[in-house]
$ cat final-v3.txt   # compact mmCIF, C-alpha atoms and all ligand atoms
# COMPACT_ATOMS: atom_id res chain seq x y z
CA PRO A 79 -15.71 1.70 16.80
CA ARG A 80 -12.76 0.71 14.67
CA ARG A 81 -13.02 1.33 10.93
CA VAL A 82 -10.11 0.47 8.67
CA PHE A 83 -9.34 2.04 5.31
CA SER A 84 -6.37 1.59 2.99
CA GLY A 85 -5.51 1.50 -0.70
CA ILE A 86 -2.93 0.65 -3.33
CA GLN A 87 -2.31 2.36 -6.66
CA PRO A 88 -2.87 0.37 -9.86
CA SER A 89 0.21 2.02 -11.29
CA GLY A 90 2.45 -0.94 -12.02
CA GLY A 91 3.08 -4.59 -11.38
CA LEU A 92 2.46 -5.54 -7.77
CA THR A 93 5.46 -6.42 -5.64
CA LEU A 94 6.31 -8.46 -2.59
CA GLY A 95 6.53 -5.06 -0.81
CA ASN A 96 2.87 -4.37 -1.55
CA TYR A 97 2.01 -7.85 -0.27
CA LEU A 98 4.01 -7.87 2.98
CA GLY A 99 3.71 -4.15 3.72
CA ALA A 100 0.07 -3.69 2.77
CA VAL A 101 -2.20 -6.54 1.71
CA LYS A 102 -1.14 -9.01 4.38
CA PRO A 103 -1.91 -6.46 7.11
CA PHE A 104 -5.20 -5.70 5.31
CA VAL A 105 -6.16 -9.35 5.63
CA ALA A 106 -5.13 -9.32 9.30
CA ALA A 107 -7.40 -6.33 9.96
CA GLN A 108 -10.27 -8.07 8.21
CA GLU A 109 -9.69 -11.18 10.30
CA SER A 110 -9.68 -9.10 13.49
CA GLY A 111 -13.33 -8.37 12.75
CA ALA A 112 -12.91 -4.65 12.05
CA GLU A 113 -15.12 -3.03 9.44
CA ALA A 114 -12.69 -2.56 6.55
CA LEU A 115 -12.63 -0.74 3.21
CA TYR A 116 -9.87 -1.47 0.71
CA CYS A 117 -9.58 0.66 -2.36
CA VAL A 118 -7.87 0.48 -5.72
CA VAL A 119 -6.79 4.10 -5.89
CA ASP A 120 -6.99 4.72 -9.62
CA MET A 121 -7.25 8.49 -9.18
CA HIS A 122 -3.92 8.52 -7.38
CA ALA A 123 -2.38 6.44 -10.16
CA ILE A 124 -3.07 9.09 -12.82
CA THR A 125 -1.02 11.70 -10.96
CA VAL A 126 1.62 10.33 -13.31
CA TRP A 127 0.65 9.34 -16.87
CA GLN A 128 -1.05 5.96 -17.24
CA ASP A 129 -1.99 4.34 -20.49
CA PRO A 130 -5.80 3.86 -20.29
CA ASP A 131 -5.79 0.19 -21.28
CA ASN A 132 -3.04 -0.53 -18.77
CA LEU A 133 -4.93 1.33 -16.07
CA ARG A 134 -8.04 -0.78 -16.69
CA ARG A 135 -6.02 -4.00 -16.67
CA ARG A 136 -4.06 -3.10 -13.55
CA THR A 137 -7.17 -2.00 -11.70
CA ARG A 138 -8.68 -5.44 -12.26
CA GLU A 139 -5.37 -7.14 -11.49
CA LEU A 140 -5.13 -5.32 -8.16
CA ALA A 141 -8.71 -6.28 -7.29
CA ALA A 142 -7.83 -9.88 -8.14
CA PHE A 143 -4.73 -9.59 -5.93
CA TYR A 144 -6.81 -8.38 -2.98
CA ILE A 145 -9.16 -11.33 -3.29
CA ALA A 146 -6.45 -13.91 -4.06
CA ALA A 147 -4.47 -12.78 -1.00
CA GLY A 148 -7.44 -13.36 1.29
CA LEU A 149 -9.70 -10.31 1.28
CA ASP A 150 -13.32 -11.39 1.18
CA PRO A 151 -15.53 -9.05 -0.91
CA GLU A 152 -18.46 -9.83 1.38
CA ARG A 153 -16.76 -9.04 4.68
CA SER A 154 -14.52 -6.22 3.44
CA ILE A 155 -15.63 -3.46 1.08
CA LEU A 156 -13.47 -3.67 -2.07
CA PHE A 157 -13.83 -1.00 -4.76
CA ASN A 158 -12.01 1.42 -7.01
CA GLN A 159 -11.75 5.03 -5.96
CA SER A 160 -13.12 6.73 -9.08
CA GLN A 161 -16.50 4.99 -8.68
CA VAL A 162 -17.11 6.85 -5.42
CA ALA A 163 -17.16 10.53 -6.41
CA GLU A 164 -17.19 11.63 -2.77
CA HIS A 165 -13.41 11.06 -2.59
CA ALA A 166 -12.80 13.77 -5.21
CA GLN A 167 -15.45 16.05 -3.74
CA LEU A 168 -13.99 15.95 -0.25
CA ALA A 169 -10.48 16.29 -1.71
CA TRP A 170 -11.48 19.66 -3.13
CA ILE A 171 -12.49 20.89 0.31
CA PHE A 172 -9.19 19.60 1.68
CA ASN A 173 -7.27 21.31 -1.13
CA CYS A 174 -8.64 24.50 0.38
CA VAL A 175 -7.71 23.50 3.93
CA ALA A 176 -4.19 22.12 3.38
CA ARG A 177 -1.32 24.54 2.82
CA MET A 178 1.13 24.60 -0.10
CA GLY A 179 4.04 24.42 2.36
CA TRP A 180 2.79 21.13 3.83
CA MET A 181 2.69 19.50 0.41
CA GLY A 182 6.09 20.84 -0.55
CA ARG A 183 7.65 19.07 2.43
CA MET A 184 6.42 15.58 1.49
CA THR A 185 9.37 13.31 0.71
CA GLN A 186 7.33 11.33 -1.85
CA TRP A 187 6.63 14.58 -3.74
CA LYS A 188 10.31 15.48 -3.64
CA ASP A 189 11.33 11.99 -4.80
CA LYS A 190 8.79 11.70 -7.57
CA ALA A 191 8.84 15.26 -8.89
CA GLY A 192 12.59 15.46 -8.42
CA LYS A 193 14.32 18.43 -9.95
CA ASN A 194 11.60 18.82 -12.53
CA ALA A 195 8.83 20.04 -10.22
CA GLU A 196 7.72 22.68 -12.75
CA ASN A 197 6.68 19.87 -15.02
CA ALA A 198 5.04 17.57 -12.46
CA SER A 199 1.24 17.40 -12.43
CA LEU A 200 -0.71 19.53 -9.99
CA GLY A 201 -2.36 16.25 -8.93
CA LEU A 202 0.98 14.77 -7.85
CA PHE A 203 1.52 17.80 -5.61
CA ALA A 204 -1.99 17.59 -4.14
CA TYR A 205 -1.86 13.79 -3.77
CA PRO A 206 -1.84 13.83 0.07
CA ALA A 207 -5.04 15.92 0.20
CA LEU A 208 -6.83 13.29 -1.89
CA MET A 209 -5.37 10.62 0.38
CA ALA A 210 -6.72 12.47 3.43
CA ALA A 211 -10.12 12.55 1.74
CA ASP A 212 -9.95 8.81 0.95
CA ILE A 213 -9.58 8.08 4.64
CA LEU A 214 -11.70 10.78 6.24
CA VAL A 215 -14.70 10.43 3.92
CA TYR A 216 -15.31 7.16 5.82
CA HIS A 217 -14.31 8.54 9.21
CA ALA A 218 -11.80 5.70 9.22
CA THR A 219 -9.86 5.32 12.46
CA HIS A 220 -7.06 2.95 11.43
CA VAL A 221 -4.96 2.85 8.28
CA PRO A 222 -2.63 -0.12 7.67
CA VAL A 223 0.29 1.00 5.47
CA GLY A 224 3.98 0.46 4.89
CA GLU A 225 6.54 2.67 6.58
CA ASP A 226 6.85 4.94 3.52
CA GLN A 227 3.30 6.25 4.00
CA LYS A 228 3.80 7.50 7.55
CA GLN A 229 4.37 11.10 6.53
CA HIS A 230 1.20 11.19 4.43
CA LEU A 231 -0.79 9.92 7.38
CA GLU A 232 0.60 12.66 9.58
CA LEU A 233 -0.58 15.08 6.95
CA THR A 234 -4.04 13.49 7.07
CA ARG A 235 -4.13 14.24 10.79
CA ASP A 236 -3.01 17.83 10.11
CA VAL A 237 -5.80 18.27 7.56
CA ALA A 238 -8.41 16.89 9.98
CA ALA A 239 -7.11 19.09 12.81
CA LYS A 240 -7.05 22.25 10.69
CA PHE A 241 -10.52 21.60 9.28
CA ASN A 242 -11.87 21.01 12.79
CA HIS A 243 -10.14 24.14 14.05
CA ASP A 244 -11.15 26.41 11.15
CA TYR A 245 -14.79 25.39 11.36
CA GLY A 246 -15.00 25.01 15.13
CA THR A 247 -16.00 21.36 15.02
CA ASP A 248 -14.70 17.95 16.00
CA PHE A 249 -16.21 16.31 12.95
CA PHE A 250 -13.13 14.58 11.56
CA PRO A 251 -11.40 11.96 13.73
CA MET A 252 -7.63 11.63 14.20
CA VAL A 253 -6.54 8.53 12.28
CA GLU A 254 -3.98 6.09 13.60
CA PRO A 255 -1.41 4.61 11.23
CA VAL A 256 -1.03 0.86 11.64
CA ILE A 257 2.56 0.06 10.71
CA GLU A 258 3.12 -3.38 12.10
CA GLY A 259 5.11 -6.52 11.50
CA VAL A 260 8.64 -7.26 10.40
CA ALA A 261 8.20 -6.23 6.78
CA THR A 262 6.85 -2.69 6.93
CA ARG A 263 9.70 -1.71 4.63
CA VAL A 264 10.77 -4.36 2.15
CA MET A 265 13.97 -3.27 0.44
CA SER A 266 15.28 -3.69 -3.09
CA LEU A 267 17.05 -6.99 -3.81
CA ARG A 268 19.81 -5.00 -5.51
CA ASP A 269 20.33 -2.38 -2.80
CA GLY A 270 19.34 -2.90 0.83
CA THR A 271 19.04 0.84 1.43
CA ARG A 272 16.34 1.45 -1.19
CA LYS A 273 12.66 0.52 -1.01
CA MET A 274 11.47 -2.34 -3.20
CA SER A 275 9.31 -0.48 -5.66
CA LYS A 276 7.14 -1.27 -8.63
CA SER A 277 8.62 1.69 -10.50
CA ASP A 278 12.31 0.70 -10.06
CA PRO A 279 13.71 0.34 -13.59
CA SER A 280 15.48 -2.91 -12.60
CA ASP A 281 13.11 -5.88 -12.55
CA ALA A 282 15.79 -7.86 -10.67
CA SER A 283 15.32 -5.45 -7.74
CA ARG A 284 11.88 -6.78 -6.87
CA ILE A 285 9.70 -9.86 -6.71
CA ASN A 286 6.50 -9.32 -8.64
CA MET A 287 3.32 -11.05 -7.55
CA THR A 288 3.12 -12.46 -11.08
CA ASP A 289 6.67 -13.93 -11.17
CA ASP A 290 6.78 -17.69 -11.65
CA ALA A 291 8.67 -20.04 -9.31
CA ASP A 292 11.86 -20.10 -11.42
CA THR A 293 11.98 -16.33 -11.65
CA ILE A 294 11.49 -15.94 -7.90
CA ALA A 295 14.26 -18.46 -7.18
CA LYS A 296 16.60 -16.81 -9.67
CA LYS A 297 16.03 -13.30 -8.33
CA LEU A 298 16.63 -14.44 -4.76
CA ARG A 299 19.74 -16.39 -5.73
CA ARG A 300 21.13 -13.26 -7.35
CA ALA A 301 20.02 -10.91 -4.58
CA LYS A 302 22.83 -8.71 -3.34
CA THR A 303 24.42 -9.79 -0.04
CA ASP A 304 27.65 -9.17 1.82
CA PRO A 305 30.27 -11.95 1.99
CA GLU A 306 29.70 -12.90 5.67
CA PRO A 307 27.39 -15.77 6.65
CA LEU A 308 24.17 -14.95 8.51
CA PRO A 309 24.85 -13.80 12.08
CA ASP A 310 23.93 -15.76 15.21
CA ASN A 311 21.31 -13.33 16.40
CA VAL A 312 19.17 -10.36 15.45
CA GLU A 313 21.70 -7.83 16.79
CA GLY A 314 24.19 -9.16 14.24
CA LEU A 315 21.99 -7.84 11.42
CA LYS A 316 22.76 -4.28 12.37
CA ASP A 317 24.62 -2.45 9.58
CA ARG A 318 23.94 -5.33 7.20
CA PRO A 319 20.97 -3.97 5.23
CA GLU A 320 20.82 -6.74 2.61
CA ALA A 321 21.05 -9.56 5.17
CA ARG A 322 18.45 -7.86 7.32
CA ASN A 323 16.10 -7.42 4.38
CA LEU A 324 16.27 -11.08 3.34
CA MET A 325 15.75 -12.17 6.95
CA ASN A 326 12.76 -9.83 7.32
CA ILE A 327 11.23 -11.30 4.17
CA TYR A 328 11.90 -14.83 5.39
CA ALA A 329 10.25 -14.10 8.74
CA ALA A 330 7.26 -12.20 7.35
CA LEU A 331 6.42 -14.84 4.75
CA GLN A 332 6.18 -17.43 7.51
CA ASP A 333 4.47 -15.19 10.07
CA LEU A 334 7.44 -15.57 12.40
CA SER A 335 9.08 -12.97 14.59
CA LEU A 336 12.54 -12.00 13.42
CA GLU A 337 14.01 -13.72 16.50
CA ASP A 338 12.29 -17.02 15.74
CA ALA A 339 13.22 -16.87 12.06
CA MET A 340 16.84 -16.13 13.01
CA GLY A 341 16.78 -19.15 15.30
CA GLN A 342 16.12 -21.38 12.28
CA VAL A 343 18.97 -20.18 10.08
CA ALA A 344 21.59 -18.52 12.31
CA GLY A 345 25.13 -18.87 10.99
CA ARG A 346 24.18 -20.23 7.57
CA GLN A 347 25.95 -19.22 4.40
CA PHE A 348 23.83 -17.30 1.90
CA ALA A 349 24.38 -20.09 -0.61
CA GLN A 350 22.40 -22.34 1.77
CA PHE A 351 19.93 -19.77 2.99
CA LYS A 352 18.82 -18.37 -0.36
CA PRO A 353 17.31 -21.63 -1.68
CA LEU A 354 15.43 -21.99 1.63
CA LEU A 355 14.11 -18.48 1.27
CA ALA A 356 13.12 -19.19 -2.34
CA ASP A 357 11.13 -22.26 -1.24
CA VAL A 358 9.31 -20.27 1.40
CA ALA A 359 8.56 -17.46 -1.07
CA VAL A 360 7.29 -19.79 -3.78
CA ASP A 361 5.14 -21.74 -1.28
CA ARG A 362 3.53 -18.56 -0.13
CA LEU A 363 3.23 -16.64 -3.40
CA ALA A 364 2.46 -19.31 -6.00
CA PRO A 365 -1.10 -20.00 -4.78
CA ILE A 366 -1.83 -16.27 -4.74
CA SER A 367 -0.58 -15.69 -8.28
CA ALA A 368 -2.42 -18.78 -9.54
CA GLU A 369 -5.65 -17.50 -8.02
CA MET A 370 -5.03 -14.04 -9.48
CA ARG A 371 -4.69 -15.53 -12.94
CA ARG A 372 -7.89 -17.50 -12.49
CA LEU A 373 -9.85 -14.46 -11.32
CA MET A 374 -8.46 -12.32 -14.16
CA GLN A 375 -10.09 -14.63 -16.69
CA ASP A 376 -13.47 -13.19 -15.77
CA ALA A 377 -13.05 -9.42 -15.98
CA ASP A 378 -16.83 -8.87 -15.93
CA GLU A 379 -17.10 -10.59 -12.56
CA ILE A 380 -14.31 -8.40 -11.14
CA ASP A 381 -16.09 -5.31 -12.48
CA ARG A 382 -19.33 -6.42 -10.83
CA LEU A 383 -17.57 -6.93 -7.50
CA LEU A 384 -15.99 -3.47 -7.70
CA ALA A 385 -19.32 -1.84 -8.58
CA ARG A 386 -21.01 -3.58 -5.66
CA GLY A 387 -18.19 -2.52 -3.32
CA ALA A 388 -18.46 1.06 -4.58
CA GLU A 389 -22.17 1.09 -3.80
CA ARG A 390 -21.51 -0.02 -0.21
CA ALA A 391 -18.69 2.52 0.14
CA ARG A 392 -20.89 5.33 -1.15
CA ALA A 393 -23.53 4.55 1.44
CA ILE A 394 -20.97 5.48 4.11
CA ALA A 395 -19.29 8.36 2.26
CA ALA A 396 -22.33 10.30 1.04
CA PRO A 397 -23.66 11.37 4.46
CA VAL A 398 -20.14 12.33 5.59
CA LEU A 399 -19.71 14.53 2.54
CA ARG A 400 -23.17 16.09 2.96
CA ARG A 401 -22.40 16.93 6.58
CA THR A 402 -19.02 18.38 5.56
CA TYR A 403 -20.73 20.60 2.97
CA ASP A 404 -23.15 21.79 5.66
CA ILE A 405 -20.30 22.64 8.02
CA VAL A 406 -18.51 24.56 5.25
CA GLY A 407 -21.67 26.48 4.35
CA MET A 408 -22.59 24.96 1.04
CA VAL A 409 -26.32 25.18 0.37
CA GLY A 410 -28.10 21.99 -0.62
CA GLY A 411 -30.18 19.17 0.72
N1 LIG B 1 8.77 -1.97 -0.30
C1 LIG B 1 7.69 -1.87 0.46
N2 LIG B 1 7.68 -2.34 1.72
C2 LIG B 1 6.57 -2.25 2.50
N3 LIG B 1 5.42 -1.69 2.08
C3 LIG B 1 5.37 -1.22 0.81
N4 LIG B 1 4.39 -0.63 0.10
C4 LIG B 1 4.85 -0.35 -1.13
N5 LIG B 1 6.13 -0.74 -1.25
C5 LIG B 1 6.48 -1.28 -0.05
C6 LIG B 1 3.07 -0.34 0.63
O1 LIG B 1 2.11 -0.69 -0.35
C7 LIG B 1 1.01 0.20 -0.24
C8 LIG B 1 0.64 0.72 -1.58
O2 LIG B 1 1.62 1.54 -2.10
P1 LIG B 1 1.24 2.48 -3.32
O3 LIG B 1 0.39 1.81 -4.29
O4 LIG B 1 0.81 3.80 -2.83
O5 LIG B 1 2.56 2.61 -4.02
P2 LIG B 1 3.90 3.05 -3.48
O6 LIG B 1 4.03 3.14 -2.02
O7 LIG B 1 4.20 4.28 -4.22
O8 LIG B 1 4.62 1.76 -3.95
P3 LIG B 1 5.73 1.61 -4.96
O9 LIG B 1 5.80 0.17 -5.29
O10 LIG B 1 6.95 2.24 -4.43
O11 LIG B 1 5.22 2.39 -6.22
P4 LIG B 1 5.94 3.56 -6.90
O12 LIG B 1 7.23 2.96 -7.33
O13 LIG B 1 5.01 3.92 -8.02
O14 LIG B 1 6.11 4.63 -5.88
C9 LIG B 1 1.38 1.28 0.76
O15 LIG B 1 0.78 0.96 2.01
C10 LIG B 1 2.86 1.14 0.85
O16 LIG B 1 3.34 1.54 2.11
$ encode --input "final-v3.txt" --output "structure tokens"
Amino acid sequence: PRRVFSGIQPSGGLTLGNYLGAVKPFVAAQESGAEALYCVVDMHAITVWQDPDNLRRRTRELAAFYIAAGLDPERSILFNQSQVAEHAQLAWIFNCVARMGWMGRMTQWKDKAGKNAENASLGLFAYPALMAADILVYHATHVPVGEDQKQHLELTRDVAAKFNHDYGTDFFPMVEPVIEGVATRVMSLRDGTRKMSKSDPSDASRINMTDDADTIAKKLRRAKTDPEPLPDNVEGLKDRPEARNLMNIYAALQDLSLEDAMGQVAGRQFAQFKPLLADVAVDRLAPISAEMRRLMQDADEIDRLLARGAERARAIAAPVLRRTYDIVGMVGG
């Protein structure tokens, strides 16, 4: 049977990239009827320093985002990672299975640690082993993510395969990444070759889920483009990263294929297209941010939902961890 797991870090303001690349596909998986667990990965967030009050606030904000965007806390299991200790416990086993060399090759590690690797946290280096544990502690089969997470998912498969090989078992399944849709990689509004990211120092580079209508319109109006009008067809977007990015966003927000979206606006000048795009973005995002604000007014209710989700998650994770301990040779009952 299909079991879906994915997560987002409460490490900064949420962006349109998190929505189109992650949460929208999460909702689609829920609607497909799959059993789904969606996590606020607070333990991943602290691989780089987080102010404790901010971490609390962003954890609740991310939970509110999940619900506001269409995840149903009854049908899907919504929780924060640190409330289910089995993630950390299985991660330790995987720290002993994964190899230093594998971690050193991760592009996210290289990007985030940069030239100052000596000073990066050990947790940042080991991040993909915890991510493998997040997924495998539920024996999840499918993981919806943005394009940037593909390498980490390959590493999850490597960890499962090495564990199975070392212990002569087939206990851990091979997970499938689900990287689908036209917006698996939403790019910066300032540079069509860089990922839109919550940690980009330029706020103009991204649309935040909490931006109001005027801010969204302004950022899109000022988005970088080339001087040519939009092409007549999808092929014409080749080698035009900024035009392609805005078209991908336009299509994804309306659940259109890129071809169909192109059909609507082929040949337009950006001065005409950008206000259209802004309308579409505001239509789609304003109700979500309004609902987030409403939910955030009752932090206790969000905390209750997360605690309830954690209890349901633990019911799946605990027997998997116990069985893993048995396989490894740890005594206990
Ligand atoms: N620009 C993006 N396009 C498509 N998908 C994206 N995701 C993030 N940015 C884009 C997807 O969102 C999920 C959660 O990501 P994360 O919380 O692990 O954070 P991240 O990938 O590290 O996102 P950021 O915004 O880039 O944060 P920083 O700047 O801290 O690294 C993942 O499924 C991711 O693919």
$ closest_atom_pairs --input "final-v3.txt" --of "chain A" --to "ligand LIG 1 (chain B)" --cutoff "9 Å" --atoms "all atoms listed in the file" --output "CSV"
residue,atom,partner,partner_atom,distance
A:Ser84,CA,B:LIG1,O15,7.2
A:Gly85,CA,B:LIG1,C8,6.3
A:Ile86,CA,B:LIG1,O3,3.6
A:Gln87,CA,B:LIG1,O3,3.6
A:Pro88,CA,B:LIG1,O3,6.6
A:Ser89,CA,B:LIG1,O13,6.1
A:Gly90,CA,B:LIG1,O13,6.8
A:Gly91,CA,B:LIG1,O9,8.2
A:Leu92,CA,B:LIG1,O9,7.1
A:Thr93,CA,B:LIG1,O9,6.6
A:Leu94,CA,B:LIG1,N1,7.3
A:Gly95,CA,B:LIG1,C1,3.6
A:Asn96,CA,B:LIG1,O1,3.9
A:Tyr97,CA,B:LIG1,O1,7.2
A:Leu98,CA,B:LIG1,C2,6.2
A:Gly99,CA,B:LIG1,N3,3.4
A:Ala100,CA,B:LIG1,O15,4.8
A:Val101,CA,B:LIG1,O1,7.6
A:Val118,CA,B:LIG1,O3,8.5
A:Val119,CA,B:LIG1,O3,7.7
A:His122,CA,B:LIG1,O4,8.1
A:Ala123,CA,B:LIG1,O3,8.0
A:Val126,CA,B:LIG1,O13,9.0
A:Gln186,CA,B:LIG1,O14,7.9
A:Lys190,CA,B:LIG1,O14,7.7
A:Val221,CA,B:LIG1,O15,8.7
A:Pro222,CA,B:LIG1,O15,6.7
A:Val223,CA,B:LIG1,O15,3.5
A:Gly224,CA,B:LIG1,O16,3.1
A:Glu225,CA,B:LIG1,O16,5.6
A:Asp226,CA,B:LIG1,O16,5.1
A:Gln227,CA,B:LIG1,O16,5.1
A:Lys228,CA,B:LIG1,O16,8.1
A:Ile257,CA,B:LIG1,O16,8.8
A:Ala261,CA,B:LIG1,C2,6.1
A:Thr262,CA,B:LIG1,C2,4.5
A:Arg263,CA,B:LIG1,N2,3.6
A:Val264,CA,B:LIG1,N2,3.7
A:Met265,CA,B:LIG1,N1,5.4
A:Ser266,CA,B:LIG1,N1,7.3
A:Arg272,CA,B:LIG1,N1,8.4
A:Lys273,CA,B:LIG1,N1,4.7
A:Met274,CA,B:LIG1,N1,4.0
A:Ser275,CA,B:LIG1,O9,3.6
A:Lys276,CA,B:LIG1,O9,3.9
A:Ser277,CA,B:LIG1,O12,3.7
A:Asp278,CA,B:LIG1,O12,6.2
A:Arg284,CA,B:LIG1,N1,8.7
$ atom_distance --input "final-v3.txt" --atom1 "CA of Leu214 (chain A)" --atom2 "CA of Leu383 (chain A)"
23.2 Å
$ atom_distance --input "final-v3.txt" --atom1 "CA of Tyr403 (chain A)" --atom2 "CA of Ala169 (chain A)"
12.1 Å
$ atom_distance --input "final-v3.txt" --atom1 "CA of Leu331 (chain A)" --atom2 "CA of Glu113 (chain A)"
25.0 Å
$ residues_around --input "final-v3.txt" --residues "region 193-205 of chain A" --least-positions-apart "4" --cutoff "7 Å" --atoms "all atoms listed in the file" --output "ChimeraX atom specification"
/A:122,125,181,187,209
